[in-house]
Each structure stands twice: as structure tokens, then as C-alpha cells.
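Everything below belongs to protein21.cif, which stores mmCIF, C-alpha atoms and all ligand atoms.
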```
data_work
loop_
_atom_site.label_atom_id
_atom_site.label_comp_id
_atom_site.auth_asym_id
_atom_site.auth_seq_id
_atom_site.Cartn_x
_atom_site.Cartn_y
_atom_site.Cartn_z
CA MET A 115 12.47 -31.57 20.87
CA THR A 116 10.69 -33.01 17.86
CA ALA A 117 10.05 -30.58 15.05
CA SER A 118 6.67 -29.63 13.79
CA ILE A 119 6.73 -30.43 10.07
CA ILE A 120 5.67 -27.55 7.82
CA SER A 121 3.73 -29.05 4.95
CA GLY A 122 4.38 -26.93 1.89
CA LYS A 123 1.62 -28.90 0.20
CA GLU A 124 -0.87 -27.74 2.78
CA VAL A 125 0.23 -24.09 2.71
CA ALA A 126 0.32 -24.15 -1.09
CA ALA A 127 -3.17 -25.68 -1.32
CA SER A 128 -4.57 -22.98 0.92
CA LEU A 129 -2.90 -20.19 -1.08
CA ARG A 130 -3.93 -21.73 -4.41
CA ASN A 131 -7.49 -21.79 -3.20
CA GLU A 132 -7.32 -18.07 -2.44
CA ILE A 133 -5.76 -17.41 -5.86
CA LYS A 134 -8.50 -19.44 -7.58
CA LEU A 135 -11.22 -17.43 -5.82
CA GLU A 136 -9.56 -14.16 -6.76
CA VAL A 137 -9.17 -15.23 -10.39
CA GLN A 138 -12.94 -15.92 -10.33
CA GLU A 139 -13.64 -12.48 -8.84
CA TRP A 140 -11.62 -10.78 -11.55
CA LYS A 141 -12.93 -12.84 -14.45
CA ASP A 142 -15.15 -10.08 -15.87
CA ASN A 143 -12.11 -7.78 -16.05
CA VAL A 144 -9.26 -10.07 -16.95
CA THR A 145 -8.07 -13.67 -17.27
CA PRO A 146 -4.47 -13.77 -16.05
CA GLY A 147 -2.19 -15.11 -18.78
CA LEU A 148 1.18 -16.82 -18.33
CA ALA A 149 3.56 -17.53 -21.23
CA VAL A 150 6.17 -20.21 -20.68
CA ILE A 151 9.05 -20.72 -23.10
CA LEU A 152 10.90 -24.02 -23.04
CA VAL A 153 14.08 -24.40 -25.09
CA GLY A 154 15.42 -27.88 -25.78
CA ASP A 155 14.45 -31.15 -24.24
CA ASN A 156 15.89 -31.24 -20.69
CA PRO A 157 13.60 -33.73 -18.86
CA ALA A 158 13.75 -31.82 -15.54
CA SER A 159 12.85 -28.53 -17.26
CA ARG A 160 10.02 -30.25 -19.13
CA SER A 161 8.62 -31.64 -15.91
CA TYR A 162 8.80 -28.21 -14.17
CA VAL A 163 7.03 -26.62 -17.14
CA LYS A 164 4.28 -29.27 -17.11
CA GLY A 165 3.80 -28.65 -13.37
CA LYS A 166 3.44 -24.91 -13.99
CA GLU A 167 0.88 -25.44 -16.78
CA LYS A 168 -1.19 -27.85 -14.69
CA ALA A 169 -1.16 -25.58 -11.63
CA SER A 170 -2.15 -22.58 -13.79
CA SER A 171 -5.15 -24.32 -15.28
CA GLU A 172 -6.28 -25.55 -11.85
CA VAL A 173 -6.65 -21.97 -10.60
CA GLY A 174 -8.09 -20.59 -13.86
CA ILE A 175 -4.95 -18.89 -15.18
CA TYR A 176 -4.54 -19.12 -18.95
CA SER A 177 -1.15 -20.55 -19.83
CA GLU A 178 0.59 -20.83 -23.15
CA LEU A 179 3.65 -22.96 -23.79
CA THR A 180 6.13 -22.22 -26.59
CA GLU A 181 8.57 -25.02 -27.21
CA MET A 182 11.72 -24.20 -29.14
CA PRO A 183 14.40 -26.60 -30.37
CA GLU A 184 17.80 -26.77 -28.63
CA ASP A 185 19.51 -25.11 -31.63
CA ILE A 186 17.14 -22.13 -31.83
CA SER A 187 19.03 -18.87 -32.36
CA GLU A 188 19.25 -16.31 -29.58
CA LYS A 189 17.55 -13.81 -31.88
CA ASN A 190 14.53 -16.06 -32.46
CA LEU A 191 14.14 -16.54 -28.72
CA LEU A 192 14.43 -12.80 -28.06
CA ASP A 193 11.83 -12.14 -30.79
CA LYS A 194 9.43 -14.56 -29.08
CA VAL A 195 9.91 -12.79 -25.74
CA GLU A 196 9.27 -9.46 -27.46
CA GLU A 197 6.06 -10.83 -28.97
CA TYR A 198 4.85 -11.81 -25.49
CA ASN A 199 5.94 -8.42 -24.10
CA GLU A 200 3.48 -6.87 -26.58
CA ASN A 201 0.68 -9.43 -26.17
CA PRO A 202 -2.13 -7.98 -24.00
CA ALA A 203 -3.46 -11.46 -23.09
CA ILE A 204 -0.15 -12.29 -21.41
CA HIS A 205 0.68 -10.84 -17.98
CA GLY A 206 3.60 -13.05 -17.02
CA ILE A 207 6.53 -14.39 -19.05
CA LEU A 208 8.77 -17.18 -17.90
CA VAL A 209 11.73 -18.58 -19.80
CA GLN A 210 12.63 -21.92 -18.25
CA LEU A 211 16.30 -22.05 -17.25
CA PRO A 212 18.90 -23.33 -17.93
CA LEU A 213 19.27 -22.28 -21.57
CA PRO A 214 21.67 -23.87 -24.08
CA ASP A 215 25.25 -22.48 -23.94
CA HIS A 216 24.97 -20.47 -27.17
CA ILE A 217 22.19 -18.31 -25.68
CA SER A 218 22.94 -15.61 -23.10
CA GLU A 219 20.64 -16.10 -20.09
CA LYS A 220 21.42 -12.57 -18.99
CA LYS A 221 20.26 -11.11 -22.33
CA VAL A 222 17.09 -13.20 -22.31
CA ILE A 223 16.17 -12.31 -18.72
CA GLU A 224 16.79 -8.63 -19.44
CA SER A 225 14.58 -8.80 -22.56
CA ILE A 226 11.49 -9.66 -20.48
CA SER A 227 9.46 -6.56 -19.70
CA PRO A 228 9.82 -5.88 -15.93
CA GLU A 229 6.02 -5.46 -15.91
CA LYS A 230 5.69 -9.15 -16.87
CA ASP A 231 8.70 -10.50 -14.98
CA VAL A 232 6.76 -12.93 -12.77
CA ASP A 233 9.91 -14.94 -12.00
CA GLY A 234 11.45 -11.81 -10.46
CA PHE A 235 14.87 -12.38 -12.08
CA HIS A 236 15.14 -9.11 -14.05
CA PRO A 237 17.77 -6.73 -12.59
CA ILE A 238 15.05 -4.08 -12.22
CA SER A 239 12.92 -6.46 -10.14
CA ILE A 240 15.98 -7.40 -8.04
CA GLY A 241 16.87 -3.73 -7.50
CA ARG A 242 13.31 -2.97 -6.44
CA MET A 243 13.38 -5.89 -4.01
CA MET A 244 16.73 -4.72 -2.57
CA THR A 245 15.32 -1.25 -1.96
CA GLY A 246 12.07 -2.60 -0.46
CA LYS A 247 9.83 -1.36 -3.31
CA ASP A 248 6.76 -3.11 -4.67
CA THR A 249 7.86 -5.67 -7.26
CA PHE A 250 7.63 -9.30 -8.33
CA LEU A 251 9.54 -11.31 -5.75
CA PRO A 252 11.43 -14.40 -6.95
CA CYS A 253 9.17 -17.40 -6.43
CA THR A 254 11.23 -19.75 -4.23
CA PRO A 255 12.35 -17.09 -1.69
CA PHE A 256 8.85 -15.58 -1.71
CA GLY A 257 7.38 -19.04 -1.06
CA ILE A 258 9.71 -19.53 1.89
CA LEU A 259 8.63 -16.20 3.37
CA LYS A 260 4.95 -17.11 2.91
CA MET A 261 5.49 -20.44 4.68
CA LEU A 262 7.13 -18.76 7.67
CA LYS A 263 4.31 -16.23 7.85
CA TYR A 264 1.61 -18.88 7.46
CA LYS A 265 3.02 -20.62 10.54
CA ASP A 266 3.32 -17.29 12.42
CA ILE A 267 7.04 -17.84 12.84
CA GLU A 268 8.67 -14.69 14.14
CA ILE A 269 11.32 -13.25 11.83
CA GLU A 270 11.95 -9.80 13.28
CA GLY A 271 15.02 -9.72 15.51
CA LYS A 272 15.89 -13.34 14.74
CA HIS A 273 19.22 -14.52 13.41
CA ALA A 274 18.74 -16.14 10.00
CA VAL A 275 21.64 -18.06 8.49
CA VAL A 276 21.35 -18.70 4.76
CA ILE A 277 23.59 -21.42 3.36
CA GLY A 278 23.98 -20.69 -0.35
CA ARG A 279 24.30 -17.43 -2.27
CA SER A 280 22.83 -18.12 -5.70
CA ASN A 281 20.96 -15.34 -7.46
CA ILE A 282 17.71 -17.31 -7.53
CA VAL A 283 17.59 -18.67 -3.98
CA GLY A 284 20.30 -17.78 -1.43
CA LYS A 285 20.82 -14.07 -2.08
CA PRO A 286 17.16 -13.10 -2.46
CA VAL A 287 15.89 -15.17 0.47
CA GLY A 288 18.44 -13.44 2.72
CA GLN A 289 17.31 -10.07 1.38
CA LEU A 290 13.63 -10.84 2.03
CA LEU A 291 14.43 -11.89 5.61
CA LEU A 292 16.46 -8.71 6.07
CA ASN A 293 13.47 -6.70 4.79
CA GLU A 294 11.50 -8.45 7.56
CA ASN A 295 14.05 -7.21 10.13
CA ALA A 296 15.98 -10.44 10.68
CA THR A 297 19.73 -10.30 11.24
CA VAL A 298 21.11 -12.21 8.27
CA THR A 299 24.33 -14.17 7.81
CA TYR A 300 25.23 -15.67 4.42
CA CYS A 301 27.36 -18.81 4.26
CA HIS A 302 28.77 -20.43 1.13
CA SER A 303 31.40 -22.85 -0.10
CA ARG A 304 34.28 -20.65 1.11
CA THR A 305 32.84 -20.15 4.59
CA ALA A 306 35.36 -21.29 7.19
CA ASP A 307 33.74 -23.32 9.97
CA LEU A 308 30.14 -23.49 8.71
CA PRO A 309 28.71 -25.10 11.90
CA TYR A 310 30.03 -22.14 13.94
CA TYR A 311 27.54 -19.90 12.10
CA THR A 312 24.64 -22.28 11.57
CA ALA A 313 24.61 -23.34 15.24
CA GLN A 314 23.81 -19.72 16.20
CA ALA A 315 20.84 -19.51 13.85
CA ASP A 316 17.23 -19.13 14.92
CA ILE A 317 16.29 -19.73 11.29
CA VAL A 318 18.40 -21.89 8.96
CA ILE A 319 17.81 -21.78 5.21
CA ALA A 320 19.65 -24.62 3.47
CA ALA A 321 20.13 -24.01 -0.26
CA THR A 322 23.34 -25.76 -1.30
CA GLY A 323 22.21 -28.58 -3.57
CA ILE A 324 24.20 -31.09 -1.50
CA ALA A 325 22.16 -34.07 -0.34
CA GLU A 326 21.63 -34.29 3.43
CA PHE A 327 24.52 -31.91 4.07
CA ILE A 328 23.06 -30.14 7.11
CA THR A 329 23.16 -32.46 10.09
CA LYS A 330 22.25 -32.14 13.76
CA GLU A 331 25.71 -30.69 14.48
CA HIS A 332 24.82 -27.67 12.36
CA VAL A 333 21.59 -26.83 14.13
CA LYS A 334 20.78 -25.47 17.58
CA ASP A 335 17.89 -26.77 19.67
CA GLY A 336 14.62 -25.19 18.64
CA ALA A 337 15.82 -23.69 15.35
CA VAL A 338 13.47 -23.29 12.38
CA VAL A 339 14.98 -25.20 9.45
CA ILE A 340 13.89 -24.62 5.86
CA ASP A 341 15.22 -27.12 3.36
CA VAL A 342 15.31 -25.76 -0.19
CA GLY A 343 17.40 -28.56 -1.70
CA MET A 344 16.08 -30.95 -4.30
CA ASN A 345 18.59 -33.71 -4.80
CA ARG A 346 18.39 -37.22 -6.20
CA LYS A 347 19.88 -40.01 -4.14
CA GLU A 348 21.53 -43.02 -5.74
CA ASP A 349 18.30 -45.00 -5.36
CA GLY A 350 16.53 -42.30 -7.40
CA LYS A 351 14.62 -40.90 -4.41
CA LEU A 352 14.32 -37.16 -3.88
CA CYS A 353 15.96 -35.67 -0.80
CA GLY A 354 16.81 -32.26 0.57
CA ASP A 355 19.98 -30.55 1.79
CA VAL A 356 19.05 -31.43 5.39
CA ALA A 357 19.46 -34.82 7.07
CA PHE A 358 15.75 -34.90 7.87
CA GLU A 359 15.53 -37.68 10.48
CA GLU A 360 18.27 -36.38 12.78
CA VAL A 361 17.54 -32.66 12.40
CA LYS A 362 13.85 -33.38 13.14
CA GLU A 363 14.90 -34.28 16.70
CA LYS A 364 16.43 -30.83 17.30
CA ALA A 365 14.50 -28.28 15.25
CA SER A 366 11.24 -26.61 16.27
CA TYR A 367 10.01 -26.47 12.67
CA LEU A 368 11.30 -28.33 9.62
CA THR A 369 10.22 -28.54 5.98
CA PRO A 370 10.21 -31.95 4.26
CA VAL A 371 11.49 -32.83 0.78
CA PRO A 372 9.43 -33.49 -1.24
CA GLY A 373 6.34 -31.58 -0.15
CA GLY A 374 8.05 -28.57 1.43
CA VAL A 375 9.42 -25.57 -0.43
CA GLY A 376 8.80 -27.14 -3.89
CA PRO A 377 4.99 -26.71 -4.02
CA MET A 378 5.36 -23.13 -2.75
CA THR A 379 7.55 -22.09 -5.70
CA ILE A 380 4.88 -22.77 -8.34
CA THR A 381 2.22 -21.24 -6.10
CA MET A 382 4.09 -17.94 -5.94
CA LEU A 383 4.38 -17.95 -9.73
CA LEU A 384 0.58 -18.16 -9.91
CA TYR A 385 0.32 -15.43 -7.29
CA ASN A 386 2.69 -13.13 -9.21
CA THR A 387 0.81 -13.74 -12.48
CA LEU A 388 -2.49 -12.81 -10.85
CA GLN A 389 -0.96 -9.65 -9.31
CA SER A 390 0.43 -8.70 -12.70
CA ALA A 391 -2.95 -9.11 -14.43
CA LYS A 392 -4.59 -6.93 -11.76
CA LYS A 393 -1.92 -4.25 -12.23
CA PHE A 394 -2.56 -4.18 -15.99
CA VAL A 395 -6.33 -3.75 -15.43
CA ASN A 396 -5.78 -0.96 -12.91
CA LYS A 397 -3.32 0.77 -15.24
CA ASP A 398 -5.84 0.69 -18.11
CA LYS A 399 -8.46 2.26 -15.85
CA ARG A 400 -6.21 5.20 -15.03
P1 LIG B 1 23.51 -23.25 -6.75
O1 LIG B 1 24.31 -24.45 -7.12
O2 LIG B 1 23.39 -22.13 -7.70
O3 LIG B 1 24.09 -22.65 -5.37
C1 LIG B 1 24.51 -23.48 -4.34
C2 LIG B 1 25.10 -22.64 -3.24
O4 LIG B 1 25.55 -23.50 -2.21
C3 LIG B 1 26.29 -21.80 -3.68
O5 LIG B 1 26.17 -20.48 -3.22
C4 LIG B 1 27.48 -22.51 -3.05
O6 LIG B 1 28.52 -21.65 -2.65
C5 LIG B 1 26.85 -23.12 -1.82
N1 LIG B 1 27.63 -24.27 -1.37
C6 LIG B 1 28.11 -25.28 -2.13
N2 LIG B 1 28.85 -26.12 -1.38
C7 LIG B 1 28.84 -25.62 -0.13
C8 LIG B 1 29.43 -26.03 1.09
N3 LIG B 1 30.20 -27.12 1.16
N4 LIG B 1 29.22 -25.28 2.19
C9 LIG B 1 28.46 -24.17 2.12
N5 LIG B 1 27.86 -23.74 0.99
C10 LIG B 1 28.05 -24.46 -0.12
O7 LIG B 1 22.08 -23.82 -6.35
P2 LIG B 1 20.64 -23.10 -6.24
O8 LIG B 1 20.70 -21.97 -5.29
O9 LIG B 1 20.09 -22.87 -7.59
O10 LIG B 1 19.79 -24.29 -5.59
C11 LIG B 1 20.10 -24.81 -4.33
C12 LIG B 1 19.26 -26.05 -4.09
O11 LIG B 1 17.89 -25.68 -4.08
C13 LIG B 1 19.40 -27.13 -5.18
O12 LIG B 1 19.24 -28.41 -4.57
C14 LIG B 1 18.20 -26.87 -6.08
O13 LIG B 1 17.77 -28.04 -6.75
C15 LIG B 1 17.18 -26.43 -5.06
N6 LIG B 1 16.12 -25.57 -5.60
C16 LIG B 1 14.85 -25.86 -5.21
C17 LIG B 1 13.81 -25.09 -5.64
C18 LIG B 1 12.46 -25.42 -5.18
O14 LIG B 1 11.51 -24.94 -5.74
N7 LIG B 1 12.31 -26.23 -4.14
C19 LIG B 1 14.00 -23.95 -6.57
C20 LIG B 1 15.39 -23.68 -6.85
C21 LIG B 1 16.41 -24.48 -6.39
P3 LIG B 1 29.43 -20.81 -3.73
O15 LIG B 1 28.59 -19.66 -4.12
O16 LIG B 1 30.62 -20.42 -2.93
O17 LIG B 1 29.72 -21.75 -4.85
#
```
As C-alpha cells, the full file:
Amino acid sequence: MTASIISGKEVAASLRNEIKLEVQEWKDNVTPGLAVILVGDNPASRSYVKGKEKASSEVGIYSELTEMPEDISEKNLLDKVEEYNENPAIHGILVQLPLPDHISEKKVIESISPEKDVDGFHPISIGRMMTGKDTFLPCTPFGILKMLKYKDIEIEGKHAVVIGRSNIVGKPVGQLLLNENATVTYCHSRTADLPYYTAQADIVIAATGIAEFITKEHVKDGAVVIDVGMNRKEDGKLCGDVAFEEVKEKASYLTPVPGGVGPMTITMLLYNTLQSAKKFVNKDKR
């Protein structure tokens, strides 16, 4: 079998188009506003932030970037978040991670108002997701779910094996698949005999951060394979956690890197920001 390649670029473009139209429809009521805070000068973080700003402006979302020096105090950062919590033009707040060691990420995430937590990292958002309540879903897992749905891939009753258990990718993507009635297995660095589990999977989600780690031995014929990894090879090229060329010959669907999950992550941030703005308008009307 040769896999059908799921183009995240294509799915993202279609969703961004819908978001753009909806932003237009709502323009007499509200312009969605996204505040992004960047601390320090990490080149990867800077490039993610630029991507988020560009994507926002393309769909008509107002975005505001606050850059803070590496040695900014935790208090100054928390004050900035508080200012955005109070700012009625801002509906979504994102603090780009990682933060310098002297600042507590936990404190900063918890300082963001859950009503503006478009990254979905606040414990209240996570708790709401766990209990199946309406909330902001974390962008990468949400993007993966959207991709599966866009391709009409059945989730209910399927066995999904998630490799990775981070708070931002592995754990929440498993939870979202469980909410969709999949049977979910989590694997991680202490899993004994990883291929034993992955070879049973109808859906494999690879989120380890290890370049080309998932090979054809890990995957059963016809499995759906979603590659979340973004790794740099020695030659500087980007690659995923899945050995693309060999797994392509076994999977039914496979996402590429780049051009797979990556474009979906930013798209879901735009989606969450728009939903937030609409919620604020509807709340004011009540
Ligand atoms: P983390 O490093 O936080 O988590 C990696 C996970 O992989 C851990 O749970 C770890 O297990 C597990 N793992 C490590 N080694 C093995 C192994 N040998 N066998 C099985 N499991 C293993 O990474 P993230 O979740 O933040 O990110 C994962 C990947 O996804 C990275 O490449 C990252 O760049 C990418 N990413 C891509 C995004 C996108 O938009 N496309 C967004 C976010 C991340 P343990 O818990 O036991 O240590």
C-alpha cells in the first residue's frame, strides 16, 4: 500500500479561508485581537512568533507583539499579561515558550485569563478538555483532530497509539481522540517494547522529537500515521519523527514534514482567537 499524503498546507489553507470569511462577517461587531509576548531572543521562538503575526494579518485578526528582554523580571511579565487580561481589544493572549529559567512558566500560564487562553495551556482549559466541556483546545492536538476529520478518517472504535506524553502534544492529543471514542494507548521513553504497541495501532501519533524514529517495523499495514515531530537533520533540513519514505509504503495516510501538522497549529490559534472574540461579543449582549 502507498499512503495518501495529508497536506496540512491544504487543510490549513481551507480552514484559514473560512476563518477569514468569518472575521469579515463579524467585522461590524468585533475585530479579533491576539497579543503575543516574546521574551528574549531565541531564533526559533522569534520565527514562530513572526509566523503567527503574518497568519493573523492574512485573515484580518489584529495582532500585537510585545518583546521583552531576556532579563525581564517575572513581575514585569506578569504585569504585562494582566494588562492584556484587562484590554478589551485583545481576545487571545499567547506567551511564547520556553521562558528564561528565572521565570516560572507555570505562574505565567496560570496568570492568563482562561477566557483569553487561546493556547489552551491553562489548567482550567485542560480540566475542561478532560471533562469534555467547551473550551480552548491546545492548538497542535486540535489541528491533528481537524486534519483527521477533514479527511473523514474514522476515529470512533479505532485504536490510537500516541508516542509521547508531553503536556502540549502527547497527553492532550490522546485525550481528544478518547473524547472522539477511540481506544487510546500512550507510549513514552519507559515503554517496554514500543513496536509491540505501535504495530497494533489503527492511528499512530508520533510526538517524540526524535528524527525518523518510527520506521516500517513500528507500523501495521493500512495505519494512519500522523507525524508531529519537527527535527533538524545534520544537513539542516527539517524532518519528522517518522521515516517518511519507508512508512509511506505501509500506511494508508501519512502527514509530511514540513507541510503537515505544522501549518495546522497556527491555524487553530487563529480559530481559537476568533471563537474567543465571538464569545466576548455574545457575553456583552447578554
Ligand atoms: P517533549 O520532548 O516534551 O516530549 C517528547 C516525548 O517523547 C516524551 O513524552 C518522551 O517520553 C517521549 N520519548 C522520548 N524518547 C522516546 C523513546 N525512545 N520512545 C518512546 N517515547 C519517547 O516534546 P513535545 O511533545 O513538545 O514535541 C514533540 C515533537 O513535536 C518535537 O519534535 C517538537 O518539535 C514537535 N512539535 C511540533 C509542533 C508542530 O506544530 N508541528 C508543535 C509542538 C511540538 P518521556 O515522557 O518518558 O520523557
Atom O3 of ligand LIG 1 (chain B) to atom CA of A:Leu259, straight-line distance in Å: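 Answer for the atom CA of A:Leu259 to atom O3 of ligand LIG 1 (chain B) separation: 18.9 Å.
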Selection within 6 Å of ligand LIG 1 (chain B) by all atoms listed in the file, output as a VMD selection string: chain A and resid 254 277 to 280 282 to 284 301 to 304 321 to 323 342 to 345 375 to 376 379
Counting only C-alpha atoms, the residue of A:Leu213, A:Ile204, A:Cys253, A:Ile133 that sits nearest A:Glu229: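 Closest to A:Glu229 of all the choices is A:Ile204.
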Close residues, stretch 310-320 of chain A itself excluded, 9 Å, all atoms listed in the file, min 2 positions apart in chain, as a ChimeraX atom specification: /A:269,272-278,284,287-288,299,301,306-308,322-323,327-328,331-343,354-356
Show me, as a tab-separated table, the residues of stretch 189-209 of chain A having an atom within 12 Å of stretch 235-239 of chain A, each with the closest atom pair and its distance in Å, using all atoms listed in the file.
```
residue	atom	partner	partner_atom	distance
A:Ile207	CA	A:Phe235	CA	11.1
A:Leu208	CA	A:Phe235	CA	9.7
A:Val209	CA	A:Phe235	CA	10.4
```
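Comparing the minimum interatomic distances between A:Leu179 and each of A:Glu197, A:Asp142, A:Glu167, A:Glu132, counting all atoms listed in the file, we find that A:Glu167 sits nearest.
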Straight-line distance linking atom CA of A:Met115 with atom CA of A:Phe358, stated in Å to one decimal: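 That distance, rounded to one decimal, is 13.8 Å.
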Contact residues around A:Pro214 with all atoms listed in the file at 12 Å, ignoring same-chain residues under 5 positions, as a ChimeraX atom specification: /A:152-156,182-188,191,219,222
Contact residues around A:Arg346 with all atoms listed in the file at 10 Å, ignoring same-chain residues under 4 positions, as a PyMOL selection string: chain A and resi 323-325+350-354
Interatomic distance (Å, one decimal) between atom CA of A:Glu172 and atom CA of A:Lys392: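 Computing the Euclidean distance for atom CA of A:Glu172 and atom CA of A:Lys392 yields 18.7 Å.
With distances taken over all atoms listed in the file, A:Leu384 is the one residue among A:Ala203, A:Leu384, A:Leu129, A:Leu292 lying closest to A:Ser171.
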